[in-house]
$ cat target25.csv   # CSV, C-alpha atoms and all ligand atoms
chain,number,residue,atom,x,y,z
A,38,MET,CA,95.8,96.0,95.4
A,39,PRO,CA,95.3,98.7,98.1
A,40,LYS,CA,97.5,98.7,101.2
A,41,VAL,CA,95.4,99.1,104.3
A,42,GLY,CA,97.1,100.4,107.4
A,43,ILE,CA,95.3,99.0,110.5
A,44,PHE,CA,96.3,100.0,114.0
A,45,ASP,CA,95.3,99.3,117.6
A,46,SER,CA,96.7,100.0,121.1
A,47,GLY,CA,97.9,96.4,121.0
A,48,LEU,CA,97.2,93.1,119.3
A,49,GLY,CA,93.4,92.9,119.6
A,50,GLY,CA,93.1,94.8,116.3
A,51,LEU,CA,94.6,91.7,114.6
A,52,LEU,CA,91.1,90.3,114.8
A,53,THR,CA,89.9,93.1,112.6
A,54,ALA,CA,92.8,92.5,110.3
A,55,ARG,CA,92.0,88.8,110.2
A,56,LEU,CA,88.4,89.4,109.4
A,57,LEU,CA,89.4,91.7,106.6
A,58,ARG,CA,91.9,89.3,105.2
A,59,GLU,CA,89.2,86.6,105.2
A,60,LYS,CA,86.8,88.8,103.3
A,61,ARG,CA,89.4,90.2,101.0
A,62,PRO,CA,92.6,88.1,100.5
A,63,ASP,CA,93.7,90.6,97.8
A,64,ILE,CA,94.3,93.4,100.3
A,65,SER,CA,97.7,94.0,101.7
A,66,ILE,CA,97.6,94.7,105.4
A,67,LEU,CA,100.1,96.9,107.3
A,68,TYR,CA,99.4,96.4,111.0
A,69,TYR,CA,100.7,98.4,113.9
A,70,GLY,CA,100.1,97.4,117.5
A,71,ASP,CA,101.2,100.0,120.0
A,72,THR,CA,102.2,97.4,122.6
A,73,ALA,CA,104.5,99.8,124.4
A,74,HIS,CA,101.6,102.0,125.3
A,75,LEU,CA,98.8,99.5,125.9
A,76,PRO,CA,96.3,100.0,127.4
A,77,TYR,CA,94.9,103.2,125.9
A,78,GLY,CA,91.7,102.7,127.9
A,79,ASP,CA,93.0,104.5,131.0
A,80,LYS,CA,95.2,107.1,129.3
A,81,SER,CA,94.3,110.8,128.8
A,82,SER,CA,92.8,111.8,125.5
A,83,SER,CA,95.7,114.1,124.7
A,84,GLN,CA,98.3,111.3,125.3
A,85,ILE,CA,96.3,109.0,123.1
A,86,ARG,CA,96.2,111.6,120.3
A,87,THR,CA,100.0,111.8,120.2
A,88,TYR,CA,100.3,108.1,119.8
A,89,VAL,CA,97.6,108.1,117.0
A,90,ARG,CA,99.5,110.9,115.1
A,91,ASP,CA,102.8,109.0,115.2
A,92,ILE,CA,101.2,105.7,114.2
A,93,VAL,CA,99.3,107.2,111.2
A,94,ARG,CA,102.4,108.9,110.0
A,95,PHE,CA,104.3,105.6,110.3
A,96,LEU,CA,101.7,103.7,108.4
A,97,ARG,CA,101.6,106.3,105.6
A,98,ALA,CA,105.4,106.1,105.4
A,99,GLN,CA,105.0,102.4,104.8
A,100,GLY,CA,102.7,103.0,101.9
A,101,ALA,CA,99.2,102.7,103.5
A,102,GLU,CA,96.6,104.1,101.1
A,103,ILE,CA,93.7,103.9,103.6
A,104,ILE,CA,93.8,103.8,107.4
A,105,ALA,CA,91.5,101.8,109.7
A,106,ILE,CA,91.5,102.5,113.4
A,107,ALA,CA,90.7,99.1,114.9
A,108,CYS,CA,90.9,100.5,118.5
A,109,ASN,CA,87.7,101.9,119.8
A,110,THR,CA,89.5,104.1,122.4
A,111,ALA,CA,91.7,105.7,119.7
A,112,SER,CA,88.6,106.1,117.5
A,113,ALA,CA,86.7,107.7,120.3
A,114,VAL,CA,89.2,110.4,121.0
A,115,GLY,CA,91.7,110.4,118.1
A,116,TYR,CA,89.7,110.3,114.9
A,117,ASP,CA,90.3,113.9,113.9
A,118,THR,CA,94.0,113.6,114.8
A,119,ALA,CA,94.2,110.5,112.6
A,120,CYS,CA,92.5,112.4,109.7
A,121,GLU,CA,95.0,115.3,110.0
A,122,ALA,CA,98.0,113.0,110.1
A,123,ALA,CA,96.6,110.9,107.2
A,124,GLU,CA,96.5,114.1,105.1
A,125,ASN,CA,95.0,113.0,101.8
A,126,ILE,CA,94.2,109.3,102.5
A,127,PRO,CA,90.9,108.1,103.9
A,128,VAL,CA,90.5,107.1,107.6
A,129,LEU,CA,87.9,104.7,108.9
A,130,SER,CA,87.2,104.5,112.6
A,131,ALA,CA,85.8,101.5,114.5
A,132,ILE,CA,82.9,103.7,115.6
A,133,TYR,CA,81.1,104.9,112.4
A,134,PRO,CA,80.6,101.5,110.7
A,135,ALA,CA,78.9,100.4,114.0
A,136,LEU,CA,76.7,103.5,114.2
A,137,ASN,CA,75.8,103.2,110.5
A,138,ALA,CA,74.7,99.6,111.1
A,139,PHE,CA,72.5,100.7,114.0
A,140,SER,CA,71.0,103.4,111.9
A,141,GLU,CA,70.4,101.3,108.8
A,142,LEU,CA,69.1,98.2,110.6
A,143,ARG,CA,66.8,98.3,113.6
A,144,PHE,CA,68.4,96.3,116.5
A,145,SER,CA,66.4,95.2,119.5
A,146,GLU,CA,66.6,97.4,122.5
A,147,PRO,CA,67.8,98.3,125.1
A,148,VAL,CA,71.2,98.3,123.5
A,149,GLY,CA,74.1,97.7,125.9
A,150,VAL,CA,77.5,99.2,125.0
A,151,ILE,CA,80.6,98.0,126.8
A,152,GLY,CA,84.2,99.3,126.3
A,153,THR,CA,87.1,100.9,128.0
A,154,TYR,CA,86.8,103.9,130.5
A,155,THR,CA,87.9,106.3,127.8
A,156,THR,CA,85.4,105.0,125.2
A,157,ILE,CA,82.5,105.0,127.5
A,158,ARG,CA,83.4,108.4,129.1
A,159,SER,CA,83.6,109.9,125.6
A,160,GLY,CA,79.8,109.2,125.3
A,161,ILE,CA,80.3,108.8,121.6
A,162,TYR,CA,78.2,105.7,121.2
A,163,GLY,CA,75.6,106.6,123.8
A,164,ARG,CA,74.8,110.1,122.4
A,165,ALA,CA,74.6,108.8,118.8
A,166,LEU,CA,72.4,105.8,119.6
A,167,LYS,CA,70.1,107.8,121.8
A,168,ALA,CA,69.8,110.4,118.9
A,169,MET,CA,68.7,107.4,116.8
A,170,GLY,CA,65.9,106.7,119.3
A,171,TYR,CA,67.5,103.7,121.0
A,172,ARG,CA,67.3,103.1,124.7
A,173,VAL,CA,71.0,102.6,125.7
A,174,ARG,CA,72.9,101.3,128.7
A,175,GLU,CA,76.6,101.9,128.8
A,176,LEU,CA,79.3,100.4,131.0
A,177,ALA,CA,83.1,100.6,131.2
A,178,THR,CA,84.4,97.0,131.6
A,179,PRO,CA,88.2,97.6,132.0
A,180,VAL,CA,89.1,94.4,133.6
A,181,LEU,CA,88.3,92.3,130.5
A,182,VAL,CA,91.3,93.5,128.5
A,183,PRO,CA,94.0,92.2,130.9
A,184,LEU,CA,92.1,88.9,131.3
A,185,ILE,CA,92.1,88.4,127.6
A,186,GLU,CA,95.8,89.5,127.3
A,187,GLU,CA,96.6,86.8,129.9
A,188,GLY,CA,94.9,84.3,127.7
A,189,TRP,CA,92.2,83.6,130.3
A,190,ILE,CA,89.4,83.1,127.9
A,191,GLU,CA,87.7,80.2,129.6
A,192,HIS,CA,89.0,80.9,133.0
A,193,PRO,CA,86.7,81.2,136.1
A,194,ALA,CA,88.1,84.7,136.8
A,195,THR,CA,86.9,85.8,133.4
A,196,ALA,CA,83.5,84.1,133.9
A,197,ALA,CA,83.2,86.0,137.2
A,198,ALA,CA,84.1,89.3,135.6
A,199,ILE,CA,81.6,88.8,132.8
A,200,HIS,CA,78.9,87.9,135.3
A,201,THR,CA,79.7,91.0,137.4
A,202,TYR,CA,79.7,93.4,134.5
A,203,LEU,CA,76.8,92.0,132.5
A,204,SER,CA,74.5,91.7,135.5
A,205,GLU,CA,75.4,95.4,136.4
A,206,LEU,CA,74.6,96.4,132.8
A,207,GLY,CA,71.2,94.8,133.3
A,208,GLU,CA,68.5,94.0,130.8
A,209,VAL,CA,69.6,94.4,127.2
A,210,GLU,CA,68.5,92.8,123.9
A,211,THR,CA,71.5,93.8,121.9
A,212,LEU,CA,75.1,94.1,123.2
A,213,LEU,CA,77.7,96.1,121.3
A,214,LEU,CA,81.2,95.1,121.9
A,215,ALA,CA,83.0,98.5,121.6
A,216,CYS,CA,86.5,97.2,122.1
A,217,THR,CA,88.9,95.3,119.8
A,218,HIS,CA,89.5,92.6,122.4
A,219,TYR,CA,86.0,91.6,123.4
A,220,PRO,CA,85.0,89.4,120.4
A,221,LEU,CA,87.3,86.8,122.0
A,222,LEU,CA,84.9,86.6,124.9
A,223,GLN,CA,81.7,86.6,122.7
A,224,ASN,CA,81.0,82.9,123.4
A,225,GLN,CA,81.6,83.3,127.1
A,226,MET,CA,79.2,86.3,127.2
A,227,GLN,CA,76.6,84.3,125.2
A,228,LYS,CA,77.0,81.5,127.7
A,229,TYR,CA,76.3,83.9,130.5
A,230,TYR,CA,73.1,85.2,128.8
A,231,THR,CA,71.9,81.6,128.2
A,232,GLN,CA,72.5,80.7,131.8
A,233,VAL,CA,70.4,83.7,133.0
A,234,GLY,CA,67.7,83.0,130.4
A,235,MET,CA,68.2,86.2,128.3
A,236,GLU,CA,68.3,86.2,124.5
A,237,VAL,CA,70.8,88.8,123.5
A,238,HIS,CA,72.2,89.6,120.0
A,239,ILE,CA,75.9,90.4,120.3
A,240,VAL,CA,77.4,92.8,117.7
A,241,SER,CA,81.2,93.5,117.3
A,242,THR,CA,82.7,96.6,116.0
A,243,ALA,CA,85.6,94.5,114.6
A,244,GLU,CA,83.3,92.7,112.2
A,245,LEU,CA,81.6,95.9,111.1
A,246,LEU,CA,84.9,97.8,110.5
A,247,ALA,CA,86.3,94.9,108.5
A,248,GLU,CA,83.2,95.0,106.3
A,249,ALA,CA,83.4,98.8,105.9
A,250,VAL,CA,87.1,98.6,104.8
A,251,ALA,CA,86.4,95.8,102.4
A,252,ARG,CA,83.7,97.9,100.8
A,253,ALA,CA,85.8,101.1,100.8
A,254,VAL,CA,88.7,99.5,98.8
A,255,GLY,CA,86.5,98.7,95.8
A,256,GLN,CA,86.6,95.8,93.5
A,257,GLU,CA,88.4,92.6,94.4
A,258,GLY,CA,91.6,91.7,92.7
A,259,THR,CA,93.0,88.3,91.9
A,260,VAL,CA,96.5,88.6,93.4
A,261,HIS,CA,96.9,87.8,97.1
A,262,GLY,CA,98.0,90.7,99.3
A,263,GLU,CA,100.9,90.6,101.7
A,264,SER,CA,100.7,91.3,105.4
A,265,HIS,CA,103.3,93.1,107.7
A,266,PHE,CA,103.0,93.5,111.4
A,267,TRP,CA,104.8,96.0,113.6
A,268,VAL,CA,104.7,96.5,117.3
A,269,SER,CA,106.2,99.3,119.4
A,270,ASP,CA,107.4,96.8,122.0
A,271,ALA,CA,108.3,93.3,120.9
A,272,ASN,CA,108.0,91.4,124.1
A,273,PRO,CA,108.2,87.7,123.1
A,274,ARG,CA,105.1,87.1,125.2
A,275,PHE,CA,103.1,89.0,122.6
A,276,ILE,CA,103.7,86.3,120.0
A,277,GLU,CA,101.2,83.8,121.6
A,278,LEU,CA,98.6,86.5,122.0
A,279,ALA,CA,99.1,87.7,118.4
A,280,LYS,CA,98.6,84.1,117.1
A,281,ARG,CA,95.4,83.9,119.0
A,282,PHE,CA,94.0,87.0,117.4
A,283,TRP,CA,95.4,86.5,113.9
A,284,GLY,CA,94.6,82.7,114.0
A,285,ALA,CA,97.9,81.6,112.4
A,286,ASP,CA,101.6,82.0,112.9
A,287,ILE,CA,102.8,85.5,112.7
A,288,ILE,CA,106.0,87.5,112.6
A,289,LEU,CA,106.0,90.7,114.6
A,290,GLU,CA,108.6,93.3,113.9
A,291,GLU,CA,109.6,96.1,116.3
A,292,ALA,CA,109.3,99.6,115.2
A,293,PRO,CA,110.6,102.3,117.6
A,294,ALA,CA,107.6,104.1,119.2
A,295,GLY,CA,107.3,107.8,118.6
A,296,THR,CA,109.9,108.0,115.9
A,297,SER,CA,107.7,107.3,113.0
A,298,THR,CA,108.9,110.2,110.9
A,299,GLU,CA,112.5,109.1,111.1
A,300,TYR,CA,111.7,105.5,110.7
A,301,LEU,CA,113.7,103.4,108.2
A,302,PRO,CA,112.9,99.8,107.3
A,303,SER,CA,116.5,98.8,108.3
A,304,GLN,CA,115.5,99.6,111.9
A,305,VAL,CA,113.1,96.7,112.0
A,306,LEU,CA,114.2,94.1,114.6
A,307,PRO,CA,112.8,90.6,114.4
A,308,VAL,CA,111.2,89.3,117.6
A,309,LYS,CA,113.5,86.8,119.3
B,1,LIG,N1,92.1,98.6,121.9
B,1,LIG,C1,91.3,99.1,123.0
B,1,LIG,C2,89.9,99.4,122.5
B,1,LIG,O1,89.5,98.9,121.5
B,1,LIG,C3,91.3,98.2,124.2
B,1,LIG,C4,92.6,98.0,124.9
B,1,LIG,C5,93.2,99.3,125.5
B,1,LIG,O2,92.7,99.8,126.5
B,1,LIG,O3,94.1,99.8,124.9
B,1,LIG,O4,89.3,100.2,123.1
$ encode --input "target25.csv" --output "structure tokens"
Amino acid sequence: MPKVGIFDSGLGGLLTARLLREKRPDISILYYGDTAHLPYGDKSSSQIRTYVRDIVRFLRAQGAEIIAIACNTASAVGYDTACEAAENIPVLSAIYPALNAFSELRFSEPVGVIGTYTTIRSGIYGRALKAMGYRVRELATPVLVPLIEEGWIEHPATAAAIHTYLSELGEVETLLLACTHYPLLQNQMQKYYTQVGMEVHIVSTAELLAEAVARAVGQEGTVHGESHFWVSDANPRFIELAKRFWGADIILEEAPAGTSTEYLPSQVLPVK
């Protein structure tokens, strides 16, 4: 069955991989987390594009037949670069499945969009949603990623950050989580809205991208696929975080960053 190359700036994209695996156990997943360069959210667009190019080439070299960019930031500024590097294989970004859903279904408005500085600054969601006739409120919420990376899902500091950001975002009826990491805080955000007496429908790009990839690979096979996970920096600390996103034990292998074209499988180092 098809091999799907999924990548993210770090491990948050494992959630997209996991959703895909739940929908389509026959798919083989080749995952790359660019942990050496995380976060992408405060990097320049040109820097992010160089990472995207290398990662896509790496995943192609591993046999990926379709590429899914789980990272919203990389999707916002690196989609064209990914398509160039992918040459003849299709590339799905985190953004278009979400925009398709907003154009096909009518979500309640105002729509709130939260993501990294780079994603929000790119204006990619805001412009498209406004063109569809939605009232939109956008906000960069950069502090959430490090809190999640620290495993502080139910921590008071995270509750305070959610309170600060969502009250600043103001009145919305739909909230689009335009970042790979944020679905881990979905319950906390829902709790905030319940506390302040607001009914808000929360939508995640991870779920929509997983659905789009499952549709794109065609008919379901009977044989289970295999999953491989690479990171550009195999800090042992990442194992716990990876487990949280993937929902099961996981083996991360280190692939040297930026050397994808010379990469050989024998260079893979197991995480100690
Ligand atoms: N993966 C990024 C995204 O979805 C969030 C983390 C980062 O800043 O790299 O936008």
$ residues_near_ligand --input "target25.csv" --ligand "ligand LIG 1 (chain B)" --cutoff "8 Å" --atoms "only C-alpha atoms and all ligand atoms" --output "ChimeraX atom specification"
/A:45-50,74-79,107-111,152-153,155-156,179,182,215-218
$ residues_around --input "target25.csv" --residues "Met38 in chain A" --least-positions-apart "2" --cutoff "9 Å" --atoms "all atoms listed in the file" --output "list of chain:residue names"
A:Lys40, A:Asp63, A:Ile64, A:Ser65, A:Val254, A:Glu257, A:Gly258, A:Thr259, A:Val260, A:His261, A:Gly262
$ residues_around --input "target25.csv" --residues "Phe275 in chain A" --least-positions-apart "6" --cutoff "9 Å" --atoms "all atoms listed in the file" --output "MDAnalysis selection string"
chainID A and resid 48 72 186 289
$ atom_distance --input "target25.csv" --atom1 "CA of Arg94 in chain A" --atom2 "CA of Ile43 in chain A"
12.2 Å
$ closest_residue --input "target25.csv" --among "A:His192, A:Tyr230, A:Gly160, A:Tyr202" --to "Val180 in chain A" --atoms "all atoms listed in the file"
A:Tyr202
$ closest_atom_pairs --input "target25.csv" --of "range 155-213 of chain A" --to "range 126-149 of chain A" --cutoff "6 Å" --atoms "only C-alpha atoms" --output "CSV"
residue,atom,partner,partner_atom,distance
A:Arg172,CA,A:Pro147,CA,4.8
A:Val173,CA,A:Val148,CA,4.8
A:Arg174,CA,A:Gly149,CA,4.7
A:Glu175,CA,A:Gly149,CA,5.7
A:Val209,CA,A:Pro147,CA,4.8
A:Glu210,CA,A:Glu146,CA,5.2
A:Thr211,CA,A:Val148,CA,4.8
A:Leu212,CA,A:Gly149,CA,4.6
$ atom_distance --input "target25.csv" --atom1 "CA of Phe282 in chain A" --atom2 "CA of Leu56 in chain A"
10.1 Å
$ closest_residue --input "target25.csv" --among "A:Lys167, A:Tyr116, A:Ala73, A:Arg61" --to "Glu291 in chain A" --atoms "only C-alpha atoms"
A:Ala73
$ atom_distance --input "target25.csv" --atom1 "CA of Ile157 in chain A" --atom2 "CA of Leu206 in chain A"
12.8 Å
$ closest_residue --input "target25.csv" --among "A:Leu51, A:Ile185, A:Leu96, A:Ile85" --to "Thr118 in chain A" --atoms "all atoms listed in the file"
A:Ile85
$ closest_residue --input "target25.csv" --among "A:Leu67, A:Ala271, A:Val150, A:Leu222" --to "Ala54 in chain A" --atoms "all atoms listed in the file"
A:Leu67
$ closest_residue --input "target25.csv" --among "A:Val89, A:Asp270, A:Glu208, A:Glu263" --to "Arg58 in chain A" --atoms "all atoms listed in the file"
A:Glu263
$ decode --input "target25.csv" --residues "range 186-198 of chain A" --atoms "all heavy atoms" --output "short mmCIF file (atom, residue, chain, number, x, y, z; two decimals), in the first residue's frame"
data_model
loop_
_atom_site.label_atom_id
_atom_site.label_comp_id
_atom_site.auth_asym_id
_atom_site.auth_seq_id
_atom_site.Cartn_x
_atom_site.Cartn_y
_atom_site.Cartn_z
N GLU A 186 5.01 21.18 24.66
CA GLU A 186 6.27 20.43 24.59
C GLU A 186 6.75 20.05 25.99
O GLU A 186 7.42 19.03 26.17
CB GLU A 186 7.36 21.30 23.93
CG GLU A 186 7.08 21.65 22.51
CD GLU A 186 7.66 20.63 21.55
OE1 GLU A 186 8.77 20.16 21.81
OE2 GLU A 186 6.97 20.30 20.58
N GLU A 187 6.43 20.87 26.96
CA GLU A 187 6.83 20.60 28.33
C GLU A 187 5.90 19.58 28.98
O GLU A 187 6.13 19.12 30.10
CB GLU A 187 6.82 21.94 29.11
CG GLU A 187 7.60 21.95 30.40
CD GLU A 187 9.03 21.47 30.27
OE1 GLU A 187 9.70 21.81 29.30
OE2 GLU A 187 9.47 20.71 31.17
N GLY A 188 4.83 19.22 28.30
CA GLY A 188 3.88 18.25 28.84
C GLY A 188 2.90 18.89 29.81
O GLY A 188 2.19 18.19 30.54
N TRP A 189 2.82 20.22 29.81
CA TRP A 189 1.95 20.93 30.75
C TRP A 189 0.53 21.07 30.19
O TRP A 189 0.04 22.17 29.97
CB TRP A 189 2.52 22.31 31.06
CG TRP A 189 3.72 22.28 31.95
CD1 TRP A 189 4.41 21.18 32.34
CD2 TRP A 189 4.36 23.40 32.56
NE1 TRP A 189 5.46 21.54 33.16
CE2 TRP A 189 5.44 22.90 33.30
CE3 TRP A 189 4.13 24.78 32.53
CZ2 TRP A 189 6.29 23.72 34.04
CZ3 TRP A 189 4.98 25.60 33.26
CH2 TRP A 189 6.04 25.07 34.00
N ILE A 190 -0.10 19.95 29.96
CA ILE A 190 -1.42 20.00 29.33
C ILE A 190 -2.47 20.52 30.31
O ILE A 190 -3.29 21.37 29.96
CB ILE A 190 -1.81 18.59 28.80
CG1 ILE A 190 -0.70 18.04 27.89
CG2 ILE A 190 -3.17 18.62 28.10
CD1 ILE A 190 -0.40 18.85 26.67
N GLU A 191 -2.44 19.98 31.55
CA GLU A 191 -3.45 20.41 32.53
C GLU A 191 -2.87 21.35 33.58
O GLU A 191 -3.39 21.44 34.68
CB GLU A 191 -4.06 19.16 33.17
CG GLU A 191 -4.73 18.34 32.10
CD GLU A 191 -5.61 17.25 32.60
OE1 GLU A 191 -5.74 17.13 33.82
OE2 GLU A 191 -6.15 16.54 31.76
N HIS A 192 -1.82 22.00 33.24
CA HIS A 192 -1.08 22.85 34.18
C HIS A 192 -1.76 24.23 34.30
O HIS A 192 -2.29 24.74 33.30
CB HIS A 192 0.34 23.00 33.64
CG HIS A 192 1.32 23.52 34.63
ND1 HIS A 192 1.39 24.85 34.96
CD2 HIS A 192 2.27 22.89 35.36
CE1 HIS A 192 2.36 25.02 35.85
NE2 HIS A 192 2.90 23.85 36.11
N PRO A 193 -1.73 24.83 35.50
CA PRO A 193 -2.33 26.17 35.64
C PRO A 193 -1.72 27.21 34.69
O PRO A 193 -2.43 28.12 34.24
CB PRO A 193 -2.04 26.54 37.10
CG PRO A 193 -1.67 25.27 37.78
CD PRO A 193 -1.25 24.28 36.75
N ALA A 194 -0.42 27.07 34.39
CA ALA A 194 0.21 28.04 33.48
C ALA A 194 -0.42 27.95 32.08
O ALA A 194 -0.61 28.96 31.40
CB ALA A 194 1.71 27.76 33.38
N THR A 195 -0.76 26.73 31.69
CA THR A 195 -1.38 26.54 30.37
C THR A 195 -2.81 27.08 30.39
O THR A 195 -3.26 27.74 29.44
CB THR A 195 -1.35 25.04 29.99
OG1 THR A 195 -0.01 24.59 30.16
CG2 THR A 195 -1.79 24.81 28.57
N ALA A 196 -3.51 26.82 31.50
CA ALA A 196 -4.88 27.34 31.63
C ALA A 196 -4.85 28.87 31.56
O ALA A 196 -5.71 29.50 30.91
CB ALA A 196 -5.50 26.87 32.94
N ALA A 197 -3.82 29.47 32.19
CA ALA A 197 -3.71 30.94 32.18
C ALA A 197 -3.43 31.44 30.77
O ALA A 197 -4.00 32.46 30.32
CB ALA A 197 -2.61 31.38 33.14
N ALA A 198 -2.55 30.73 30.04
CA ALA A 198 -2.23 31.15 28.66
C ALA A 198 -3.47 31.03 27.78
O ALA A 198 -3.76 31.93 26.96
CB ALA A 198 -1.09 30.29 28.10
#
